[in-house]
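*Asks:* For reference, the file query33.pdb (PDB, C-alpha atoms) is included below:
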MODEL        1
ATOM      1  CA  MET V 440       2.844 -13.799 -17.923  1.00  0.00           C
ATOM      2  CA  ALA V 441       5.231 -11.846 -15.705  1.00  0.00           C
ATOM      3  CA  GLU V 442       7.184  -8.680 -16.406  1.00  0.00           C
ATOM      4  CA  SER V 443      10.470  -7.548 -14.893  1.00  0.00           C
ATOM      5  CA  LEU V 444      10.349  -5.126 -11.958  1.00  0.00           C
ATOM      6  CA  GLU V 445      13.722  -3.693 -12.975  1.00  0.00           C
ATOM      7  CA  GLY V 446      13.485   0.109 -13.014  1.00  0.00           C
ATOM      8  CA  LYS V 447      10.017   0.219 -11.482  1.00  0.00           C
ATOM      9  CA  VAL V 448       9.251   1.897  -8.156  1.00  0.00           C
ATOM     10  CA  ALA V 449       7.054   0.755  -5.281  1.00  0.00           C
ATOM     11  CA  VAL V 450       5.746   2.586  -2.246  1.00  0.00           C
ATOM     12  CA  ILE V 451       5.390   0.250   0.741  1.00  0.00           C
ATOM     13  CA  SER V 452       4.080   1.211   4.173  1.00  0.00           C
ATOM     14  CA  GLY V 453       4.757  -0.525   7.483  1.00  0.00           C
ATOM     15  CA  VAL V 454       8.102  -2.034   6.429  1.00  0.00           C
ATOM     16  CA  ALA V 455       9.702  -2.447   9.851  1.00  0.00           C
ATOM     17  CA  SER V 456       8.515  -6.051  10.155  1.00  0.00           C
ATOM     18  CA  GLY V 457       6.284  -8.810   8.881  1.00  0.00           C
ATOM     19  CA  PHE V 458       4.623  -8.949   5.487  1.00  0.00           C
ATOM     20  CA  ALA V 459       5.764  -5.502   4.381  1.00  0.00           C
ATOM     21  CA  LYS V 460       9.399  -6.142   5.277  1.00  0.00           C
ATOM     22  CA  ALA V 461       9.423  -9.421   3.337  1.00  0.00           C
ATOM     23  CA  THR V 462       7.757  -7.752   0.347  1.00  0.00           C
ATOM     24  CA  ALA V 463      10.228  -4.854   0.311  1.00  0.00           C
ATOM     25  CA  GLU V 464      13.165  -7.269   0.414  1.00  0.00           C
ATOM     26  CA  LEU V 465      11.763  -9.387  -2.417  1.00  0.00           C
ATOM     27  CA  PHE V 466      11.036  -6.348  -4.589  1.00  0.00           C
ATOM     28  CA  ALA V 467      14.556  -5.066  -3.914  1.00  0.00           C
ATOM     29  CA  ALA V 468      16.016  -8.378  -5.053  1.00  0.00           C
ATOM     30  CA  LYS V 469      13.984  -8.069  -8.269  1.00  0.00           C
ATOM     31  CA  GLY V 470      15.486  -4.654  -9.087  1.00  0.00           C
ATOM     32  CA  CYS V 471      12.598  -2.454  -7.986  1.00  0.00           C
ATOM     33  CA  GLY V 472      13.232   0.968  -6.474  1.00  0.00           C
ATOM     34  CA  LEU V 473      11.567   1.541  -3.130  1.00  0.00           C
ATOM     35  CA  VAL V 474       9.996   4.381  -1.179  1.00  0.00           C
ATOM     36  CA  MET V 475       9.180   3.092   2.286  1.00  0.00           C
ATOM     37  CA  PHE V 476       8.131   4.340   5.694  1.00  0.00           C
ATOM     38  CA  ASP V 477       7.258   3.164   9.186  1.00  0.00           C
ATOM     39  CA  LEU V 478       6.956   4.657  12.679  1.00  0.00           C
ATOM     40  CA  ASN V 479       9.571   2.225  14.012  1.00  0.00           C
ATOM     41  CA  PRO V 480      12.898   3.892  13.096  1.00  0.00           C
ATOM     42  CA  ALA V 481      15.127   0.938  13.970  1.00  0.00           C
ATOM     43  CA  GLY V 482      13.021  -1.557  12.029  1.00  0.00           C
ATOM     44  CA  LEU V 483      12.664   0.874   9.132  1.00  0.00           C
ATOM     45  CA  GLU V 484      16.421   1.348   8.838  1.00  0.00           C
ATOM     46  CA  ALA V 485      17.088  -2.387   9.131  1.00  0.00           C
ATOM     47  CA  THR V 486      14.715  -3.118   6.237  1.00  0.00           C
ATOM     48  CA  ALA V 487      16.109  -0.250   4.176  1.00  0.00           C
ATOM     49  CA  GLU V 488      19.682  -1.455   4.694  1.00  0.00           C
ATOM     50  CA  SER V 489      18.726  -5.003   3.740  1.00  0.00           C
ATOM     51  CA  CYS V 490      17.153  -3.703   0.519  1.00  0.00           C
ATOM     52  CA  ARG V 491      20.193  -1.560  -0.271  1.00  0.00           C
ATOM     53  CA  ARG V 492      22.476  -4.578   0.156  1.00  0.00           C
ATOM     54  CA  ALA V 493      20.355  -6.303  -2.481  1.00  0.00           C
ATOM     55  CA  GLY V 494      21.241  -3.450  -4.839  1.00  0.00           C
ATOM     56  CA  ALA V 495      17.996  -1.489  -4.677  1.00  0.00           C
ATOM     57  CA  ARG V 496      17.689   2.259  -4.711  1.00  0.00           C
ATOM     58  CA  VAL V 497      15.830   3.103  -1.501  1.00  0.00           C
ATOM     59  CA  VAL V 498      14.223   6.163   0.032  1.00  0.00           C
ATOM     60  CA  ALA V 499      13.192   5.470   3.636  1.00  0.00           C
ATOM     61  CA  PHE V 500      11.707   7.923   6.114  1.00  0.00           C
ATOM     62  CA  PRO V 501       9.811   7.763   9.428  1.00  0.00           C
ATOM     63  CA  GLY V 502       6.138   8.196   8.649  1.00  0.00           C
ATOM     64  CA  ASP V 503       2.711   7.810  10.218  1.00  0.00           C
ATOM     65  CA  ALA V 504       0.242   6.078   7.889  1.00  0.00           C
ATOM     66  CA  THR V 505      -2.672   7.866   9.536  1.00  0.00           C
ATOM     67  CA  GLN V 506      -1.397  11.255   8.306  1.00  0.00           C
ATOM     68  CA  GLN V 507      -2.003  12.643   4.807  1.00  0.00           C
ATOM     69  CA  ALA V 508       1.404  14.352   4.822  1.00  0.00           C
ATOM     70  CA  THR V 509       3.158  10.979   4.960  1.00  0.00           C
ATOM     71  CA  PHE V 510       1.672   9.871   1.661  1.00  0.00           C
ATOM     72  CA  GLU V 511       2.233  13.257   0.076  1.00  0.00           C
ATOM     73  CA  ARG V 512       5.907  12.976   0.939  1.00  0.00           C
ATOM     74  CA  ALA V 513       6.045   9.425  -0.444  1.00  0.00           C
ATOM     75  CA  LEU V 514       4.554  10.606  -3.734  1.00  0.00           C
ATOM     76  CA  GLN V 515       7.019  13.484  -3.976  1.00  0.00           C
ATOM     77  CA  GLU V 516       9.934  11.120  -3.320  1.00  0.00           C
ATOM     78  CA  CYS V 517       8.735   8.914  -6.196  1.00  0.00           C
ATOM     79  CA  LEU V 518       8.444  11.826  -8.580  1.00  0.00           C
ATOM     80  CA  ARG V 519      11.747  13.356  -7.473  1.00  0.00           C
ATOM     81  CA  GLY V 520      13.687  10.122  -7.804  1.00  0.00           C
ATOM     82  CA  TRP V 521      11.945   8.259 -10.618  1.00  0.00           C
ATOM     83  CA  ASP V 522       9.358  10.608 -12.217  1.00  0.00           C
ATOM     84  CA  HIS V 523       6.619   8.014 -11.722  1.00  0.00           C
ATOM     85  CA  VAL V 524       5.184   5.392  -9.374  1.00  0.00           C
ATOM     86  CA  ASP V 525       4.308   1.837 -10.361  1.00  0.00           C
ATOM     87  CA  PHE V 526       3.056   0.122  -7.197  1.00  0.00           C
ATOM     88  CA  VAL V 527       1.430   1.393  -4.004  1.00  0.00           C
ATOM     89  CA  ILE V 528       1.289  -1.350  -1.364  1.00  0.00           C
ATOM     90  CA  ASN V 529      -0.672  -0.409   1.741  1.00  0.00           C
ATOM     91  CA  TYR V 530       0.406  -2.835   4.446  1.00  0.00           C
ATOM     92  CA  ALA V 531       0.211  -0.457   7.425  1.00  0.00           C
ATOM     93  CA  GLY V 532      -2.421  -1.669   9.869  1.00  0.00           C
ATOM     94  CA  GLY V 533      -2.962  -3.596  13.060  1.00  0.00           C
ATOM     95  CA  ALA V 534      -5.492  -4.776  15.615  1.00  0.00           C
ATOM     96  CA  LEU V 535      -4.070  -2.578  18.445  1.00  0.00           C
ATOM     97  CA  LYS V 536      -6.460  -4.138  20.965  1.00  0.00           C
ATOM     98  CA  VAL V 537      -8.571  -7.280  20.983  1.00  0.00           C
ATOM     99  CA  ALA V 538     -11.231  -7.358  23.718  1.00  0.00           C
ATOM    100  CA  PRO V 539     -14.992  -7.540  24.364  1.00  0.00           C
ATOM    101  CA  ILE V 540     -16.767  -4.564  22.827  1.00  0.00           C
ATOM    102  CA  GLU V 541     -17.593  -2.951  26.186  1.00  0.00           C
ATOM    103  CA  GLU V 542     -13.845  -2.656  26.823  1.00  0.00           C
ATOM    104  CA  MET V 543     -13.218  -0.799  23.550  1.00  0.00           C
ATOM    105  CA  ASP V 544     -13.431   2.922  24.326  1.00  0.00           C
ATOM    106  CA  ASP V 545     -13.819   5.713  21.769  1.00  0.00           C
ATOM    107  CA  ALA V 546     -10.102   6.400  21.553  1.00  0.00           C
ATOM    108  CA  ILE V 547      -9.033   2.842  20.720  1.00  0.00           C
ATOM    109  CA  CYS V 548     -11.893   2.392  18.248  1.00  0.00           C
ATOM    110  CA  ARG V 549     -10.868   5.524  16.381  1.00  0.00           C
ATOM    111  CA  ARG V 550      -7.206   4.474  16.386  1.00  0.00           C
ATOM    112  CA  ILE V 551      -8.080   1.085  14.901  1.00  0.00           C
ATOM    113  CA  ILE V 552     -10.255   2.638  12.200  1.00  0.00           C
ATOM    114  CA  ASP V 553      -7.661   5.311  11.416  1.00  0.00           C
ATOM    115  CA  LEU V 554      -4.792   2.843  11.172  1.00  0.00           C
ATOM    116  CA  ASN V 555      -6.580   0.268   9.046  1.00  0.00           C
ATOM    117  CA  LEU V 556      -9.238   2.087   7.018  1.00  0.00           C
ATOM    118  CA  MET V 557      -8.307   5.770   6.925  1.00  0.00           C
ATOM    119  CA  SER V 558      -4.656   5.026   6.168  1.00  0.00           C
ATOM    120  CA  THR V 559      -5.768   3.092   3.082  1.00  0.00           C
ATOM    121  CA  ILE V 560      -8.120   5.862   1.982  1.00  0.00           C
ATOM    122  CA  LEU V 561      -5.478   8.555   2.497  1.00  0.00           C
ATOM    123  CA  SER V 562      -2.923   6.605   0.476  1.00  0.00           C
ATOM    124  CA  CYS V 563      -5.245   5.884  -2.430  1.00  0.00           C
ATOM    125  CA  ARG V 564      -6.549   9.459  -2.472  1.00  0.00           C
ATOM    126  CA  THR V 565      -2.992  10.750  -2.693  1.00  0.00           C
ATOM    127  CA  PHE V 566      -1.700   8.432  -5.408  1.00  0.00           C
ATOM    128  CA  ALA V 567      -4.801   8.017  -7.608  1.00  0.00           C
ATOM    129  CA  PRO V 568      -4.361  11.289  -9.569  1.00  0.00           C
ATOM    130  CA  GLN V 569      -0.760  10.421 -10.490  1.00  0.00           C
ATOM    131  CA  LEU V 570      -1.660   6.874 -11.487  1.00  0.00           C
ATOM    132  CA  LYS V 571      -4.517   8.196 -13.624  1.00  0.00           C
ATOM    133  CA  ARG V 572      -2.136  10.605 -15.377  1.00  0.00           C
ATOM    134  CA  GLN V 573       0.253   7.758 -16.094  1.00  0.00           C
ATOM    135  CA  ARG V 574      -2.610   5.485 -17.185  1.00  0.00           C
ATOM    136  CA  ALA V 575      -0.704   2.700 -15.460  1.00  0.00           C
ATOM    137  CA  GLY V 576       0.063   1.340 -12.024  1.00  0.00           C
ATOM    138  CA  ARG V 577      -1.269  -0.973  -9.334  1.00  0.00           C
ATOM    139  CA  ILE V 578      -2.546  -0.472  -5.808  1.00  0.00           C
ATOM    140  CA  VAL V 579      -2.519  -3.326  -3.287  1.00  0.00           C
ATOM    141  CA  ASN V 580      -4.737  -2.866  -0.224  1.00  0.00           C
ATOM    142  CA  VAL V 581      -4.636  -5.266   2.713  1.00  0.00           C
ATOM    143  CA  SER V 582      -7.733  -6.609   4.449  1.00  0.00           C
ATOM    144  CA  SER V 583      -7.806  -9.668   6.755  1.00  0.00           C
ATOM    145  CA  VAL V 584      -9.342 -13.074   7.174  1.00  0.00           C
ATOM    146  CA  CYS V 585     -11.243 -11.274   9.953  1.00  0.00           C
ATOM    147  CA  ASP V 586     -13.451  -9.711   7.271  1.00  0.00           C
ATOM    148  CA  ARG V 587     -14.464 -13.262   6.203  1.00  0.00           C
ATOM    149  CA  ARG V 588     -14.693 -15.119   9.514  1.00  0.00           C
ATOM    150  CA  SER V 589     -15.662 -14.063  13.046  1.00  0.00           C
ATOM    151  CA  TRP V 590     -13.859 -14.413  16.374  1.00  0.00           C
ATOM    152  CA  PRO V 591     -14.720 -12.876  19.762  1.00  0.00           C
ATOM    153  CA  GLY V 592     -12.905  -9.678  20.632  1.00  0.00           C
ATOM    154  CA  TRP V 593     -11.991  -8.793  17.048  1.00  0.00           C
ATOM    155  CA  SER V 594     -15.154  -6.847  16.180  1.00  0.00           C
ATOM    156  CA  VAL V 595     -13.725  -3.342  15.652  1.00  0.00           C
ATOM    157  CA  TYR V 596     -10.669  -4.536  13.744  1.00  0.00           C
ATOM    158  CA  SER V 597     -12.875  -6.822  11.630  1.00  0.00           C
ATOM    159  CA  ALA V 598     -15.227  -3.937  10.819  1.00  0.00           C
ATOM    160  CA  ALA V 599     -12.315  -1.747   9.714  1.00  0.00           C
ATOM    161  CA  LYS V 600     -10.904  -4.490   7.490  1.00  0.00           C
ATOM    162  CA  ALA V 601     -14.320  -5.253   5.981  1.00  0.00           C
ATOM    163  CA  ALA V 602     -14.514  -1.569   5.085  1.00  0.00           C
ATOM    164  CA  VAL V 603     -11.110  -1.844   3.348  1.00  0.00           C
ATOM    165  CA  ASN V 604     -12.587  -4.683   1.313  1.00  0.00           C
ATOM    166  CA  ALA V 605     -15.605  -2.611   0.192  1.00  0.00           C
ATOM    167  CA  PHE V 606     -13.481   0.473  -0.445  1.00  0.00           C
ATOM    168  CA  SER V 607     -11.048  -1.474  -2.621  1.00  0.00           C
ATOM    169  CA  LYS V 608     -13.759  -3.028  -4.751  1.00  0.00           C
ATOM    170  CA  CYS V 609     -15.295   0.373  -5.450  1.00  0.00           C
ATOM    171  CA  LEU V 610     -11.870   1.862  -6.143  1.00  0.00           C
ATOM    172  CA  TYR V 611     -11.225  -0.859  -8.692  1.00  0.00           C
ATOM    173  CA  THR V 612     -14.266   0.287 -10.662  1.00  0.00           C
ATOM    174  CA  GLU V 613     -13.052   3.909 -10.513  1.00  0.00           C
ATOM    175  CA  LEU V 614      -9.502   3.275 -11.642  1.00  0.00           C
ATOM    176  CA  ARG V 615      -9.952   0.424 -14.119  1.00  0.00           C
ATOM    177  CA  PRO V 616     -10.959   2.751 -17.011  1.00  0.00           C
ATOM    178  CA  HIS V 617      -7.665   4.610 -16.479  1.00  0.00           C
ATOM    179  CA  GLY V 618      -5.502   1.503 -16.834  1.00  0.00           C
ATOM    180  CA  VAL V 619      -4.866   1.225 -13.095  1.00  0.00           C
ATOM    181  CA  GLY V 620      -5.409  -2.013 -11.182  1.00  0.00           C
ATOM    182  CA  VAL V 621      -6.513  -2.450  -7.571  1.00  0.00           C
ATOM    183  CA  THR V 622      -5.822  -5.696  -5.721  1.00  0.00           C
ATOM    184  CA  LEU V 623      -7.204  -6.719  -2.332  1.00  0.00           C
ATOM    185  CA  LEU V 624      -4.909  -8.971  -0.288  1.00  0.00           C
ATOM    186  CA  VAL V 625      -6.722 -10.999   2.391  1.00  0.00           C
ATOM    187  CA  PRO V 626      -4.177 -12.510   4.806  1.00  0.00           C
ATOM    188  CA  GLY V 627      -4.731 -15.232   7.329  1.00  0.00           C
ATOM    189  CA  GLY V 628      -3.070 -15.153  10.725  1.00  0.00           C
ATOM    190  CA  SER V 629       0.710 -15.299  10.944  1.00  0.00           C
ATOM    191  CA  ASN V 630       3.192 -14.979  13.789  1.00  0.00           C
ATOM    192  CA  THR V 631       4.819 -11.623  13.048  1.00  0.00           C
ATOM    193  CA  GLY V 632       5.233  -8.308  14.874  1.00  0.00           C
ATOM    194  CA  PHE V 633       1.439  -7.992  14.644  1.00  0.00           C
ATOM    195  CA  GLN V 634       1.027  -9.698  18.016  1.00  0.00           C
ATOM    196  CA  ALA V 635       3.545  -7.506  19.822  1.00  0.00           C
ATOM    197  CA  ALA V 636       1.739  -4.370  18.654  1.00  0.00           C
ATOM    198  CA  ALA V 637      -1.733  -5.472  19.772  1.00  0.00           C
ATOM    199  CA  GLN V 638      -3.052  -5.599  23.330  1.00  0.00           C
ATOM    200  CA  GLY V 639      -4.751  -8.901  24.026  1.00  0.00           C
ATOM    201  CA  VAL V 640      -3.212 -10.821  21.109  1.00  0.00           C
ATOM    202  CA  ASN V 641      -0.843 -13.668  21.953  1.00  0.00           C
ATOM    203  CA  ARG V 642       1.256 -15.830  19.717  1.00  0.00           C
ATOM    204  CA  PHE V 643      -0.988 -18.074  17.636  1.00  0.00           C
ATOM    205  CA  GLU V 644      -0.807 -21.692  18.793  1.00  0.00           C
ATOM    206  CA  TRP V 645      -0.419 -23.938  15.779  1.00  0.00           C
ATOM    207  CA  ASP V 646       2.066 -25.998  13.805  1.00  0.00           C
ATOM    208  CA  GLU V 647       4.446 -23.356  12.446  1.00  0.00           C
ATOM    209  CA  GLY V 648       5.497 -25.753   9.705  1.00  0.00           C
ATOM    210  CA  LEU V 649       1.996 -25.382   8.235  1.00  0.00           C
ATOM    211  CA  ALA V 650       1.555 -21.690   9.038  1.00  0.00           C
ATOM    212  CA  VAL V 651       1.566 -18.921   6.467  1.00  0.00           C
ATOM    213  CA  ARG V 652       4.717 -16.780   6.666  1.00  0.00           C
ATOM    214  CA  PRO V 653       5.693 -13.266   5.533  1.00  0.00           C
ATOM    215  CA  GLU V 654       7.538 -14.609   2.489  1.00  0.00           C
ATOM    216  CA  HIS V 655       4.309 -16.232   1.268  1.00  0.00           C
ATOM    217  CA  PHE V 656       2.624 -12.821   1.169  1.00  0.00           C
ATOM    218  CA  ALA V 657       5.659 -11.222  -0.434  1.00  0.00           C
ATOM    219  CA  ASP V 658       5.587 -13.781  -3.230  1.00  0.00           C
ATOM    220  CA  MET V 659       1.856 -13.348  -3.856  1.00  0.00           C
ATOM    221  CA  VAL V 660       2.113  -9.556  -4.017  1.00  0.00           C
ATOM    222  CA  TYR V 661       5.115  -9.831  -6.335  1.00  0.00           C
ATOM    223  CA  GLN V 662       3.192 -12.136  -8.679  1.00  0.00           C
ATOM    224  CA  ALA V 663       0.245  -9.717  -8.775  1.00  0.00           C
ATOM    225  CA  CYS V 664       2.475  -6.702  -9.461  1.00  0.00           C
ATOM    226  CA  ALA V 665       4.599  -8.478 -12.087  1.00  0.00           C
ATOM    227  CA  LEU V 666       1.563  -9.516 -14.098  1.00  0.00           C
ATOM    228  CA  SER V 667       1.776  -8.061 -17.597  1.00  0.00           C
ATOM    229  CA  ARG V 668      -0.346  -5.051 -18.491  1.00  0.00           C
ATOM    230  CA  GLY V 669      -4.018  -5.757 -19.052  1.00  0.00           C
ATOM    231  CA  GLY V 670      -4.322  -8.325 -16.283  1.00  0.00           C
ATOM    232  CA  CYS V 671      -5.293  -7.546 -12.709  1.00  0.00           C
ATOM    233  CA  VAL V 672      -5.602  -9.877  -9.743  1.00  0.00           C
ATOM    234  CA  SER V 673      -8.640  -8.382  -8.059  1.00  0.00           C
ATOM    235  CA  GLU V 674      -8.352 -10.397  -4.847  1.00  0.00           C
ATOM    236  CA  MET V 675      -5.886 -12.768  -3.183  1.00  0.00           C
ATOM    237  CA  VAL V 676      -6.855 -14.825  -0.132  1.00  0.00           C
ATOM    238  CA  LEU V 677      -3.868 -16.493   1.512  1.00  0.00           C
ATOM    239  CA  ILE V 678      -4.379 -18.575   4.651  1.00  0.00           C
ATOM    240  CA  GLY V 679      -1.985 -21.040   6.248  1.00  0.00           C
ATOM    241  CA  LEU V 680      -2.912 -24.707   6.458  1.00  0.00           C
ATOM    242  CA  ALA V 681      -2.378 -24.443  10.213  1.00  0.00           C
ATOM    243  CA  GLN V 682      -5.227 -21.988  10.724  1.00  0.00           C
ATOM    244  CA  ASP V 683      -8.775 -23.181  11.388  1.00  0.00           C
ATOM    245  CA  ILE V 684     -11.202 -20.870   9.592  1.00  0.00           C
ATOM    246  CA  SER V 685     -14.282 -23.050   9.935  1.00  0.00           C
ATOM    247  CA  GLY V 686     -16.004 -20.723  12.400  1.00  0.00           C
ATOM    248  CA  PHE V 687     -18.974 -18.389  11.872  1.00  0.00           C
TER     249      PHE V 687
ENDMDL
END
Let's see the structure in the file written out as structure tokens.
*Replies:*
Amino acid sequence: MAESLEGKVAVISGVASGFAKATAELFAAKGCGLVMFDLNPAGLEATAESCRRAGARVVAFPGDATQQATFERALQECLRGWDHVDFVINYAGGALKVAPIEEMDDAICRRIIDLNLMSTILSCRTFAPQLKRQRAGRIVNVSSVCDRRSWPGWSVYSAAKAAVNAFSKCLYTELRPHGVGVTLLVPGGSNTGFQAAAQGVNRFEWDEGLAVRPEHFADMVYQACALSRGGCVSEMVLIGLAQDISGF
């Protein structure tokens, strides 16, 4: 049973491209207000303008998801503009580099962990007190099929995403008594800006007609957020028919 998103407000990170961009545009079309950020100013503004054309009220600002101050600003924008926050959708992440483990130096390992795991922790730590006060709201954290299956070169990214999985499950148990839901989204591979931002990752070679696309993820996240109060989708695994996940 779905509820209207009209008048609600969502915080979405990493909106310059891919899954987050598609989700922001769908939420805008459904009447949801948006607070969004990304480090890519051109992509950020393009997504914000698209959402405004759909009639949404939008606050967009350049922001680094690995910095606590970014989430603090996002929370303040929600409270200043709407007096509450309904959805926190933590898309920001990326592989950054895919290579044999001996080629992964300390700096790149820390960047991968910061971008994927610490960004999620920082966001949830910032918004949890407000959501508890409201006794309502939903958090969506994003893991990866890499936390379920194994491929060479993806070890550090996979470890970070597996940690997001464990973190989200524990967070669910913390926030559930306060009326707040936590959903883990587990995406399969998709040809988005993800490849361009990661050293060693090329375009996936498969039948694009059977591949999972950003709008698929947008629709799944919308369905989870529009679920009427009392229900919570604890986990969504969405993998394209084109992707072989039969490995180890």
*Asks:* Give me, please, the distance in Å between atom CA of V:Ala481 and atom CA of V:Gly453, quoted to one decimal.
*Replies:* 12.3 Å
*Asks:* On this file, the PyMOL selection byres ((chain V and resi 488-494) around 9) gives some set of residues; write that set as a list in words.
*Replies:*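 Applying the PyMOL selection byres ((chain V and resi 488-494) around 9) to the structure shown produces Ala463, Glu464, Leu465, Phe466, Ala467, Ala468, Lys469, Gly470, Leu473, Leu483, Glu484, Ala485, Thr486, Ala487, Ala495, Arg496 and Val497 of chain V.
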*Asks:* Please, could you write that set of residues out with C-alpha atoms as a CSV table (one decimal), in the coordinates of the input?
*Replies:*
chain,number,residue,atom,x,y,z
V,463,ALA,CA,10.2,-4.9,0.3
V,464,GLU,CA,13.2,-7.3,0.4
V,465,LEU,CA,11.8,-9.4,-2.4
V,466,PHE,CA,11.0,-6.3,-4.6
V,467,ALA,CA,14.6,-5.1,-3.9
V,468,ALA,CA,16.0,-8.4,-5.1
V,469,LYS,CA,14.0,-8.1,-8.3
V,470,GLY,CA,15.5,-4.7,-9.1
V,473,LEU,CA,11.6,1.5,-3.1
V,483,LEU,CA,12.7,0.9,9.1
V,484,GLU,CA,16.4,1.3,8.8
V,485,ALA,CA,17.1,-2.4,9.1
V,486,THR,CA,14.7,-3.1,6.2
V,487,ALA,CA,16.1,-0.2,4.2
V,495,ALA,CA,18.0,-1.5,-4.7
V,496,ARG,CA,17.7,2.3,-4.7
V,497,VAL,CA,15.8,3.1,-1.5
*Asks:* Mind giving me the straight-line distance from atom CA of V:Ala601 to atom CA of V:Asn555 in Å, one decimal?
*Replies:*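 So the answer is 10.0 Å.
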*Asks:* Taking the file as shown, what set of residues would the PyMOL selection byres ((chain V and resi 655) around 10) give back, as a VMD selection string?
*Replies:* chain V and resid 458 461 to 462 626 650 to 654 656 to 661 677 to 679
*Asks:* I want to know what sits within 9 Å of V:Gly592, based on all atoms listed in the file, with residues of the same chain fewer than 5 positions away left out; could you give that as a ChimeraX atom specification?
*Replies:* /V:536-540,639
*Asks:* Which is closest to V:Leu478 among V:Cys548, V:Val625, V:Ala441, V:Leu554, if we use all atoms listed in the file?
*Replies:*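 Closest to V:Leu478 of all the choices is V:Leu554.
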*Asks:* Run the PyMOL selection byres ((chain V and resi 523) around 12) on the file and write out the hits as a ChimeraX atom specification.
*Replies:* /V:446-450,472-474,513-522,524-527,566,568-576
*Asks:* Go ahead and write the selection's residues with C-alpha atoms as an mmCIF file, keeping the file's coordinate frame.
*Replies:*
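Written file, part04.cif:
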data_model
loop_
_atom_site.group_PDB
_atom_site.id
_atom_site.type_symbol
_atom_site.label_atom_id
_atom_site.label_comp_id
_atom_site.auth_asym_id
_atom_site.auth_seq_id
_atom_site.Cartn_x
_atom_site.Cartn_y
_atom_site.Cartn_z
ATOM 1 C CA GLY V 446 13.485 0.109 -13.014
ATOM 2 C CA LYS V 447 10.017 0.219 -11.482
ATOM 3 C CA VAL V 448 9.251 1.897 -8.156
ATOM 4 C CA ALA V 449 7.054 0.755 -5.281
ATOM 5 C CA VAL V 450 5.746 2.586 -2.246
ATOM 6 C CA GLY V 472 13.232 0.968 -6.474
ATOM 7 C CA LEU V 473 11.567 1.541 -3.130
ATOM 8 C CA VAL V 474 9.996 4.381 -1.179
ATOM 9 C CA ALA V 513 6.045 9.425 -0.444
ATOM 10 C CA LEU V 514 4.554 10.606 -3.734
ATOM 11 C CA GLN V 515 7.019 13.484 -3.976
ATOM 12 C CA GLU V 516 9.934 11.120 -3.320
ATOM 13 C CA CYS V 517 8.735 8.914 -6.196
ATOM 14 C CA LEU V 518 8.444 11.826 -8.580
ATOM 15 C CA ARG V 519 11.747 13.356 -7.473
ATOM 16 C CA GLY V 520 13.687 10.122 -7.804
ATOM 17 C CA TRP V 521 11.945 8.259 -10.618
ATOM 18 C CA ASP V 522 9.358 10.608 -12.217
ATOM 19 C CA VAL V 524 5.184 5.392 -9.374
ATOM 20 C CA ASP V 525 4.308 1.837 -10.361
ATOM 21 C CA PHE V 526 3.056 0.122 -7.197
ATOM 22 C CA VAL V 527 1.430 1.393 -4.004
ATOM 23 C CA PHE V 566 -1.700 8.432 -5.408
ATOM 24 C CA PRO V 568 -4.361 11.289 -9.569
ATOM 25 C CA GLN V 569 -0.760 10.421 -10.490
ATOM 26 C CA LEU V 570 -1.660 6.874 -11.487
ATOM 27 C CA LYS V 571 -4.517 8.196 -13.624
ATOM 28 C CA ARG V 572 -2.136 10.605 -15.377
ATOM 29 C CA GLN V 573 0.253 7.758 -16.094
ATOM 30 C CA ARG V 574 -2.610 5.485 -17.185
ATOM 31 C CA ALA V 575 -0.704 2.700 -15.460
ATOM 32 C CA GLY V 576 0.063 1.340 -12.024
#
*Asks:* Give me the residues near V:Ala605 as a ChimeraX atom specification, where near means some atom within 12 Å (using only C-alpha atoms) and where sequence neighbours in that chain fewer than 2 positions away do not count.
*Replies:* /V:556,559-560,580-582,586,598-603,607-612,621-623,674
*Asks:* For the atom pair atom CA of V:Asn479 and atom CA of V:Trp593, what is the interatomic distance in Å to one decimal place?
*Replies:*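 Computing it gives 24.4 Å between the two atoms.
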*Asks:* Taking into account all atoms listed in the file, which residue in the set V:Leu614, V:Ile451, V:Leu624, V:Ala459 is nearest to V:Arg564?
*Replies:* V:Leu614
*Asks:* Nearest to V:Glu647 among V:Gln682, V:Ser583, V:Gln662, V:Thr505, with distances taken over only C-alpha atoms: which residue is it?
*Replies:*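 Closest to V:Glu647 of all the choices is V:Gln682.
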*Asks:* Quick one: of V:Ile684, V:Gly482, V:Lys460, V:Leu561, who's nearest to V:Thr509, counting all atoms listed in the file?
*Replies:*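 Checking each of V:Ile684, V:Gly482, V:Lys460, V:Leu561 against V:Thr509, counting all atoms listed in the file, the winner is V:Leu561.
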*Asks:* So, counting all atoms listed in the file, which residue among V:Glu542, V:His617, V:Asp646, V:Phe687 is closest to V:Asn630?
*Replies:* V:Asp646
*Asks:* With a distance cut-off of 9 Å and all atoms listed in the file, select the neighbouring residues of V:Pro480, excluding the residue or stretch itself and same-chain residues fewer than 6 positions from it, and output the selection as a ChimeraX atom specification.
*Replies:* /V:455,500-501
*Asks:* Store the residues picked out above in a file with C-alpha atoms, as a compact mmCIF listing (two decimals), in the frame of the given file.
*Replies:*
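Written out: out28.txt:
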# COMPACT_ATOMS: atom_id res chain seq x y z
CA ALA V 455 9.70 -2.45 9.85
CA PHE V 500 11.71 7.92 6.11
CA PRO V 501 9.81 7.76 9.43
